[in-house]
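Q: Below you'll find the structure I mean.
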Amino acid sequence: INAEYMGLLMLWKCCLRSGKGSNILIIGLSNSGKTSFWYKVMTGEDVETHTSMKENVGPLPKSHAPKGKGPCRLVDLPGHPRLRGRMSEYLPQTRAVVFFIDSLDFMECLNPTAELLHALLTNPAIVHRRLPFLIACNKRDSELSYKPTIIKRKLEAELDAIRLAKRSQMGSIAGDSDEQLVPLGSPGVPFNFDQYATVPIHWADCSVRTNLKPVLEWIRAC
């Protein structure tokens with residue numbers, strides 16, 4: 001059995017465990033390309049977008065929807081931190097999560113990207129249902145963009161620093177703890193996605209402008 005077959009088999013099993021949710025949730029920082037992706041999928045056109053002030057929700061076209069799973073909705077959540085609270089309304093009916101990263105300006109956004117990713121990977125509504133999770137490295141059509149292997153390594157180090165800082169804060173502030181959050185990784189062991197991710201994580205090299213195929217194929221497999 002080759003590695004590609006095993007990867008598809010694991011993804012199929014994870015999608016079965018994710019339940020019968022109808023939402024494909026798109027999340028990421030502002031300017032990561034998630035709203036452009038939403039419009040491209042929904043209309044087939046490249047649309048100039050601005051920072052979202054509200055979520056974009058629409059039926060996922062049948063040509064891109066998971067096969068044999070009924071109708072799905074494509075939900076684009078606002079990238080602004082103050083507007084992400086609406087996520088809790090959509091998670092109970094979510095089938096899969098697509099996390100967009102701006103691979104062109106990645107290093108400038110490393111910390112907030114890792115902070116948001118940490119919040120998602122420790123969210124019980126995501127972790128306990130083992131929702132399939134795709135990290136879409138967007139803007140890879142630029143020669144100046146960072147490769148997914150570098151993004152992965154930098155995120156692992158930043159997530160490690162974040163989880164250690166949060167653990168220290170919890171231990172030093174009496175009565176203040178994130179008991180509802182799911183721990184990320186093991187104490188004293190450096191974090192890495194392959195061993196300690198709380199949900200099945202997949203990676204995609206993509207460009208909203210020129211190459212959406214890896215993301216759309218992943219969504220159809222869910």
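To be explicit about the labels: the chains of the structure tokens are called A, B, and onward in the order shown, and within each one the residues are counted from 1, while ligands get numbers from 1 in the order they are shown.
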Using only C-alpha atoms, tabulate the residues of region 25-102 of chain A lying at most 8 Å from any atom of region 110-118 of chain A, each with its closest atom pair and that distance in Å to one decimal, by chain and increasing residue number, as a tab-separated table.
A:
residue	atom	partner	partner_atom	distance
A:Gly28	CA	A:Thr113	CA	7.5
A:Leu29	CA	A:Thr113	CA	6.7
A:Ile101	CA	A:Thr113	CA	7.5
Q: Within 7 Å of region 149-166 of chain A, counting only C-alpha atoms, which residues qualify if same-chain residues fewer than 3 places away don't, as a VMD selection string?
A: chain A and resid 111 114 118 146 169 to 170 190 to 193
Q: Next, write the just-selected residues to a file, as a short mmCIF file (atom, residue, chain, number, x, y, z; two decimals), in the first residue's frame, keeping C-alpha atoms as the atom set.
A:
data_model
loop_
_atom_site.label_atom_id
_atom_site.label_comp_id
_atom_site.auth_asym_id
_atom_site.auth_seq_id
_atom_site.Cartn_x
_atom_site.Cartn_y
_atom_site.Cartn_z
CA ASN A 111 2.97 35.65 15.89
CA ALA A 114 0.35 31.24 15.47
CA HIS A 118 -3.22 27.93 18.81
CA TYR A 146 7.76 31.06 1.89
CA GLN A 169 0.50 32.54 32.94
CA MET A 170 -2.01 29.95 34.10
CA PRO A 190 9.05 20.62 21.78
CA PHE A 191 5.86 20.86 19.76
CA ASN A 192 5.66 19.46 16.24
CA PHE A 193 2.60 18.98 14.04
#
Q: Taking 3 positions as the minimum chain separation for residues in the same chain, which residues sit within 12 Å of Met87 (chain A) when counting only C-alpha atoms? Answer as a ChimeraX atom specification.
A: /A:23-28,54-55,75-79,81-84,90-94,97,119-120,123,125-126
Q: Take the selection from the previous step and output its residues with C-alpha atoms, as a tab-separated table (two decimals), in the first residue's frame.
A:
chain	number	residue	atom	x	y	z
A	23	ASN	CA	-20.15	24.07	7.08
A	24	ILE	CA	-16.74	24.35	5.46
A	25	LEU	CA	-15.22	26.98	7.73
A	26	ILE	CA	-12.62	29.36	6.28
A	27	ILE	CA	-10.54	31.31	8.77
A	28	GLY	CA	-7.29	33.25	8.83
A	54	LYS	CA	-19.06	40.23	8.74
A	55	GLU	CA	-19.02	36.61	7.68
A	75	VAL	CA	-18.40	30.13	5.60
A	76	ASP	CA	-15.78	32.88	5.50
A	77	LEU	CA	-15.21	34.30	8.99
A	78	PRO	CA	-13.90	37.86	9.46
A	79	GLY	CA	-10.17	38.11	10.01
A	81	PRO	CA	-9.80	39.62	16.10
A	82	ARG	CA	-12.84	41.42	17.49
A	83	LEU	CA	-15.12	39.78	14.94
A	84	ARG	CA	-14.03	36.17	15.33
A	90	TYR	CA	-20.85	27.86	13.14
A	91	LEU	CA	-18.59	25.25	14.77
A	92	PRO	CA	-21.35	22.83	15.90
A	93	GLN	CA	-22.31	22.29	12.24
A	94	THR	CA	-18.82	22.44	10.79
A	97	VAL	CA	-11.73	23.86	8.66
A	119	ALA	CA	-6.75	29.10	19.65
A	120	LEU	CA	-8.18	26.78	17.01
A	123	ASN	CA	-10.76	24.65	20.93
A	125	ALA	CA	-15.47	22.16	19.58
A	126	ILE	CA	-12.80	21.45	16.96
Q: Please tabulate, as JSON lines, the residues of region 61-162 of chain A that come within 6 Å of region 197-200 of chain A, each with its closest pair of atoms and the distance in Å to one decimal, counting only C-alpha atoms and ordering rows by chain, then residue number upward.
A:
{"residue": "A:Val127", "atom": "CA", "partner": "A:Val199", "partner_atom": "CA", "distance": 5.8}
{"residue": "A:Arg130", "atom": "CA", "partner": "A:Val199", "partner_atom": "CA", "distance": 5.2}
{"residue": "A:Pro132", "atom": "CA", "partner": "A:Pro200", "partner_atom": "CA", "distance": 5.6}
Q: Using only C-alpha atoms, what table do you get, as JSON lines, when you list each residue of region 129-215 of chain A with an atom no more than 10 Å from region 32-46 of chain A, its nearest pair of atoms, and their distance in Å rounded to one decimal, rows by chain then rising number?
A:
{"residue": "A:Ala136", "atom": "CA", "partner": "A:Lys34", "partner_atom": "CA", "distance": 9.4}
{"residue": "A:Cys137", "atom": "CA", "partner": "A:Ser32", "partner_atom": "CA", "distance": 8.9}
{"residue": "A:Asn138", "atom": "CA", "partner": "A:Gly33", "partner_atom": "CA", "distance": 6.9}
{"residue": "A:Lys139", "atom": "CA", "partner": "A:Gly33", "partner_atom": "CA", "distance": 8.0}
{"residue": "A:Ser207", "atom": "CA", "partner": "A:Gly33", "partner_atom": "CA", "distance": 8.7}
{"residue": "A:Val208", "atom": "CA", "partner": "A:Phe37", "partner_atom": "CA", "distance": 5.7}
{"residue": "A:Arg209", "atom": "CA", "partner": "A:Asp46", "partner_atom": "CA", "distance": 7.1}
{"residue": "A:Leu212", "atom": "CA", "partner": "A:Phe37", "partner_atom": "CA", "distance": 8.2}
{"residue": "A:Val215", "atom": "CA", "partner": "A:Phe37", "partner_atom": "CA", "distance": 9.8}
Q: When you count only C-alpha atoms, which of these residues is closest to Arg73 (chain A): A:Ser103, A:Asn31, A:Thr49, A:Ser22?
A: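 Ranking A:Ser103, A:Asn31, A:Thr49, A:Ser22 by distance to Arg73 (chain A), first place goes to A:Ser22.
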Q: With distances taken over only C-alpha atoms, which of A:Glu143, A:Val98, A:Asn56, A:Ser168 is nearest to Ile201 (chain A)?
A: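 Smallest distance to Ile201 (chain A) is found for A:Val98.
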Q: Need to verify the contact set: Ser145 (chain A), 8 Å, only C-alpha atoms, exclusion of same-chain residues closer than 2 positions in sequence. Can you return it as a compact mmCIF listing (two decimals) with N, CA, C and O atoms, in the first residue's frame?
A:
# COMPACT_ATOMS: atom_id res chain seq x y z
N SER A 103 1.53 33.37 2.66
CA SER A 103 2.91 32.87 2.64
C SER A 103 3.89 33.91 2.10
O SER A 103 5.11 33.71 2.19
N LEU A 104 3.38 35.02 1.58
CA LEU A 104 4.24 36.08 1.07
C LEU A 104 4.74 36.98 2.21
O LEU A 104 5.93 37.30 2.30
N ASP A 105 3.83 37.37 3.09
CA ASP A 105 4.17 38.22 4.24
C ASP A 105 4.15 37.42 5.53
O ASP A 105 3.83 37.95 6.60
N PHE A 106 4.47 36.15 5.43
CA PHE A 106 4.32 35.24 6.56
C PHE A 106 5.11 35.67 7.80
O PHE A 106 4.58 35.67 8.91
N LYS A 139 -0.79 32.44 -1.91
CA LYS A 139 0.13 33.36 -2.61
C LYS A 139 1.45 32.70 -2.98
O LYS A 139 2.49 33.35 -3.09
N ARG A 140 1.38 31.39 -3.22
CA ARG A 140 2.60 30.67 -3.57
C ARG A 140 3.00 30.87 -5.03
O ARG A 140 4.01 30.34 -5.48
N ASP A 141 2.20 31.66 -5.76
CA ASP A 141 2.57 31.99 -7.13
C ASP A 141 3.71 33.02 -7.16
O ASP A 141 4.33 33.23 -8.20
N SER A 142 4.01 33.63 -6.01
CA SER A 142 5.11 34.59 -5.94
C SER A 142 6.41 33.87 -5.58
O SER A 142 6.44 33.02 -4.68
N GLU A 143 7.48 34.22 -6.27
CA GLU A 143 8.78 33.62 -5.99
C GLU A 143 9.32 34.05 -4.62
O GLU A 143 10.23 33.42 -4.08
N LYS A 147 8.04 28.70 1.50
CA LYS A 147 7.60 27.34 1.24
C LYS A 147 6.87 26.77 2.46
O LYS A 147 7.17 27.13 3.60
Q: Within region 64-204 of chain A, find each residue whose DSSP state, derived from the backbone, is strand (DSSP E), and express the selection as a ChimeraX atom specification.
A: /A:73-76,94-102,133-138,201-204
Q: Report, in Å to a single decimal, how far apart CA of His202 (chain A) and CA of Ile219 (chain A) are.
A: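 We find that CA of Ile219 (chain A) and CA of His202 (chain A) lie 11.2 Å from each other.
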Q: Go through A:Thr122, A:Ser30, A:Asn211, A:Gln195 and flag the residue nearest Cys109 (chain A), using only C-alpha atoms for the distances.
A: A:Ser30
Q: Please identify the alpha helix (DSSP H) residues within region 116-166 of chain A (assignment by DSSP from backbone atoms) and present them as JSON, numbers by chain.
A: {"A": [116, 117, 118, 119, 120, 121, 124, 125, 126, 127, 148, 149, 150, 151, 152, 153, 154, 155, 156, 157, 158, 159, 160, 161, 162, 163, 164, 165, 166]}
Q: Next, dump the selected residues to file, keeping only N, CA and C atoms, as a PDB file, in the first residue's frame.
A:
ATOM      1  N   LEU A 116      -3.663  32.651  16.524  1.00  0.00           N
ATOM      2  CA  LEU A 116      -4.967  32.210  16.038  1.00  0.00           C
ATOM      3  C   LEU A 116      -4.983  30.697  15.851  1.00  0.00           C
ATOM      4  N   LEU A 117      -3.918  30.155  15.323  1.00  0.00           N
ATOM      5  CA  LEU A 117      -3.834  28.705  15.123  1.00  0.00           C
ATOM      6  C   LEU A 117      -3.878  27.979  16.467  1.00  0.00           C
ATOM      7  N   HIS A 118      -3.191  28.514  17.466  1.00  0.00           N
ATOM      8  CA  HIS A 118      -3.223  27.928  18.809  1.00  0.00           C
ATOM      9  C   HIS A 118      -4.650  27.915  19.357  1.00  0.00           C
ATOM     10  N   ALA A 119      -5.367  29.022  19.163  1.00  0.00           N
ATOM     11  CA  ALA A 119      -6.749  29.099  19.651  1.00  0.00           C
ATOM     12  C   ALA A 119      -7.626  28.039  18.996  1.00  0.00           C
ATOM     13  N   LEU A 120      -7.389  27.780  17.715  1.00  0.00           N
ATOM     14  CA  LEU A 120      -8.176  26.777  17.008  1.00  0.00           C
ATOM     15  C   LEU A 120      -7.815  25.357  17.427  1.00  0.00           C
ATOM     16  N   LEU A 121      -6.525  25.094  17.569  1.00  0.00           N
ATOM     17  CA  LEU A 121      -6.066  23.743  17.890  1.00  0.00           C
ATOM     18  C   LEU A 121      -6.287  23.358  19.347  1.00  0.00           C
ATOM     19  N   PRO A 124     -12.166  23.026  22.123  1.00  0.00           N
ATOM     20  CA  PRO A 124     -12.811  21.716  22.283  1.00  0.00           C
ATOM     21  C   PRO A 124     -13.804  21.387  21.166  1.00  0.00           C
ATOM     22  N   ALA A 125     -14.481  22.399  20.634  1.00  0.00           N
ATOM     23  CA  ALA A 125     -15.471  22.159  19.582  1.00  0.00           C
ATOM     24  C   ALA A 125     -14.819  21.646  18.300  1.00  0.00           C
ATOM     25  N   ILE A 126     -13.542  21.941  18.125  1.00  0.00           N
ATOM     26  CA  ILE A 126     -12.798  21.449  16.965  1.00  0.00           C
ATOM     27  C   ILE A 126     -12.101  20.130  17.294  1.00  0.00           C
ATOM     28  N   VAL A 127     -11.451  20.102  18.445  1.00  0.00           N
ATOM     29  CA  VAL A 127     -10.619  18.954  18.813  1.00  0.00           C
ATOM     30  C   VAL A 127     -11.451  17.707  19.114  1.00  0.00           C
ATOM     31  N   PRO A 148       5.909  25.862   2.239  1.00  0.00           N
ATOM     32  CA  PRO A 148       5.185  25.252   3.356  1.00  0.00           C
ATOM     33  C   PRO A 148       6.100  24.594   4.387  1.00  0.00           C
ATOM     34  N   THR A 149       7.210  24.006   3.949  1.00  0.00           N
ATOM     35  CA  THR A 149       8.119  23.367   4.906  1.00  0.00           C
ATOM     36  C   THR A 149       8.708  24.387   5.880  1.00  0.00           C
ATOM     37  N   ILE A 150       9.013  25.582   5.385  1.00  0.00           N
ATOM     38  CA  ILE A 150       9.545  26.640   6.252  1.00  0.00           C
ATOM     39  C   ILE A 150       8.437  27.184   7.148  1.00  0.00           C
ATOM     40  N   ILE A 151       7.252  27.390   6.572  1.00  0.00           N
ATOM     41  CA  ILE A 151       6.118  27.878   7.355  1.00  0.00           C
ATOM     42  C   ILE A 151       5.809  26.908   8.497  1.00  0.00           C
ATOM     43  N   LYS A 152       5.821  25.633   8.188  1.00  0.00           N
ATOM     44  CA  LYS A 152       5.550  24.611   9.197  1.00  0.00           C
ATOM     45  C   LYS A 152       6.565  24.672  10.328  1.00  0.00           C
ATOM     46  N   ARG A 153       7.845  24.763   9.988  1.00  0.00           N
ATOM     47  CA  ARG A 153       8.897  24.789  11.003  1.00  0.00           C
ATOM     48  C   ARG A 153       8.808  26.045  11.875  1.00  0.00           C
ATOM     49  N   LYS A 154       8.547  27.192  11.253  1.00  0.00           N
ATOM     50  CA  LYS A 154       8.433  28.443  12.009  1.00  0.00           C
ATOM     51  C   LYS A 154       7.204  28.435  12.919  1.00  0.00           C
ATOM     52  N   LEU A 155       6.115  27.881  12.413  1.00  0.00           N
ATOM     53  CA  LEU A 155       4.901  27.804  13.226  1.00  0.00           C
ATOM     54  C   LEU A 155       5.084  26.874  14.419  1.00  0.00           C
ATOM     55  N   GLU A 156       5.781  25.780  14.216  1.00  0.00           N
ATOM     56  CA  GLU A 156       6.021  24.849  15.324  1.00  0.00           C
ATOM     57  C   GLU A 156       6.776  25.545  16.451  1.00  0.00           C
ATOM     58  N   ALA A 157       7.808  26.303  16.105  1.00  0.00           N
ATOM     59  CA  ALA A 157       8.593  27.009  17.119  1.00  0.00           C
ATOM     60  C   ALA A 157       7.762  28.080  17.814  1.00  0.00           C
ATOM     61  N   GLU A 158       6.958  28.809  17.036  1.00  0.00           N
ATOM     62  CA  GLU A 158       6.143  29.881  17.617  1.00  0.00           C
ATOM     63  C   GLU A 158       5.028  29.310  18.482  1.00  0.00           C
ATOM     64  N   LEU A 159       4.404  28.234  18.039  1.00  0.00           N
ATOM     65  CA  LEU A 159       3.367  27.579  18.849  1.00  0.00           C
ATOM     66  C   LEU A 159       3.946  27.041  20.148  1.00  0.00           C
ATOM     67  N   ASP A 160       5.170  26.544  20.083  1.00  0.00           N
ATOM     68  CA  ASP A 160       5.832  26.046  21.286  1.00  0.00           C
ATOM     69  C   ASP A 160       6.015  27.176  22.290  1.00  0.00           C
ATOM     70  N   ALA A 161       6.458  28.339  21.805  1.00  0.00           N
ATOM     71  CA  ALA A 161       6.658  29.488  22.694  1.00  0.00           C
ATOM     72  C   ALA A 161       5.329  29.976  23.268  1.00  0.00           C
ATOM     73  N   ILE A 162       4.287  29.970  22.461  1.00  0.00           N
ATOM     74  CA  ILE A 162       2.973  30.438  22.911  1.00  0.00           C
ATOM     75  C   ILE A 162       2.402  29.526  23.982  1.00  0.00           C
ATOM     76  N   ARG A 163       2.475  28.223  23.753  1.00  0.00           N
ATOM     77  CA  ARG A 163       1.892  27.298  24.739  1.00  0.00           C
ATOM     78  C   ARG A 163       2.655  27.335  26.054  1.00  0.00           C
ATOM     79  N   LEU A 164       3.978  27.512  26.002  1.00  0.00           N
ATOM     80  CA  LEU A 164       4.754  27.623  27.234  1.00  0.00           C
ATOM     81  C   LEU A 164       4.411  28.900  27.978  1.00  0.00           C
ATOM     82  N   ALA A 165       4.236  29.998  27.234  1.00  0.00           N
ATOM     83  CA  ALA A 165       3.881  31.271  27.861  1.00  0.00           C
ATOM     84  C   ALA A 165       2.508  31.190  28.511  1.00  0.00           C
ATOM     85  N   LYS A 166       1.571  30.572  27.842  1.00  0.00           N
ATOM     86  CA  LYS A 166       0.221  30.450  28.394  1.00  0.00           C
ATOM     87  C   LYS A 166       0.204  29.538  29.615  1.00  0.00           C
TER      88      LYS A 166
END
Q: For a test of reading the model, state the distance in Å between CA of Asp205 (chain A) and CA of Val189 (chain A), rounded to one decimal.
A: 28.4 Å
Q: Using Å and a single decimal, report how far CA of Leu74 (chain A) sits from CA of Trp218 (chain A).
A: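 Computed distance, CA of Trp218 (chain A) to CA of Leu74 (chain A), equals 13.7 Å.
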Q: Looking at A:Phe100, A:His128, A:Leu216, A:Ala221, which one is nearest to Leu60 (chain A), with distances taken over only C-alpha atoms?
A: A:Leu216
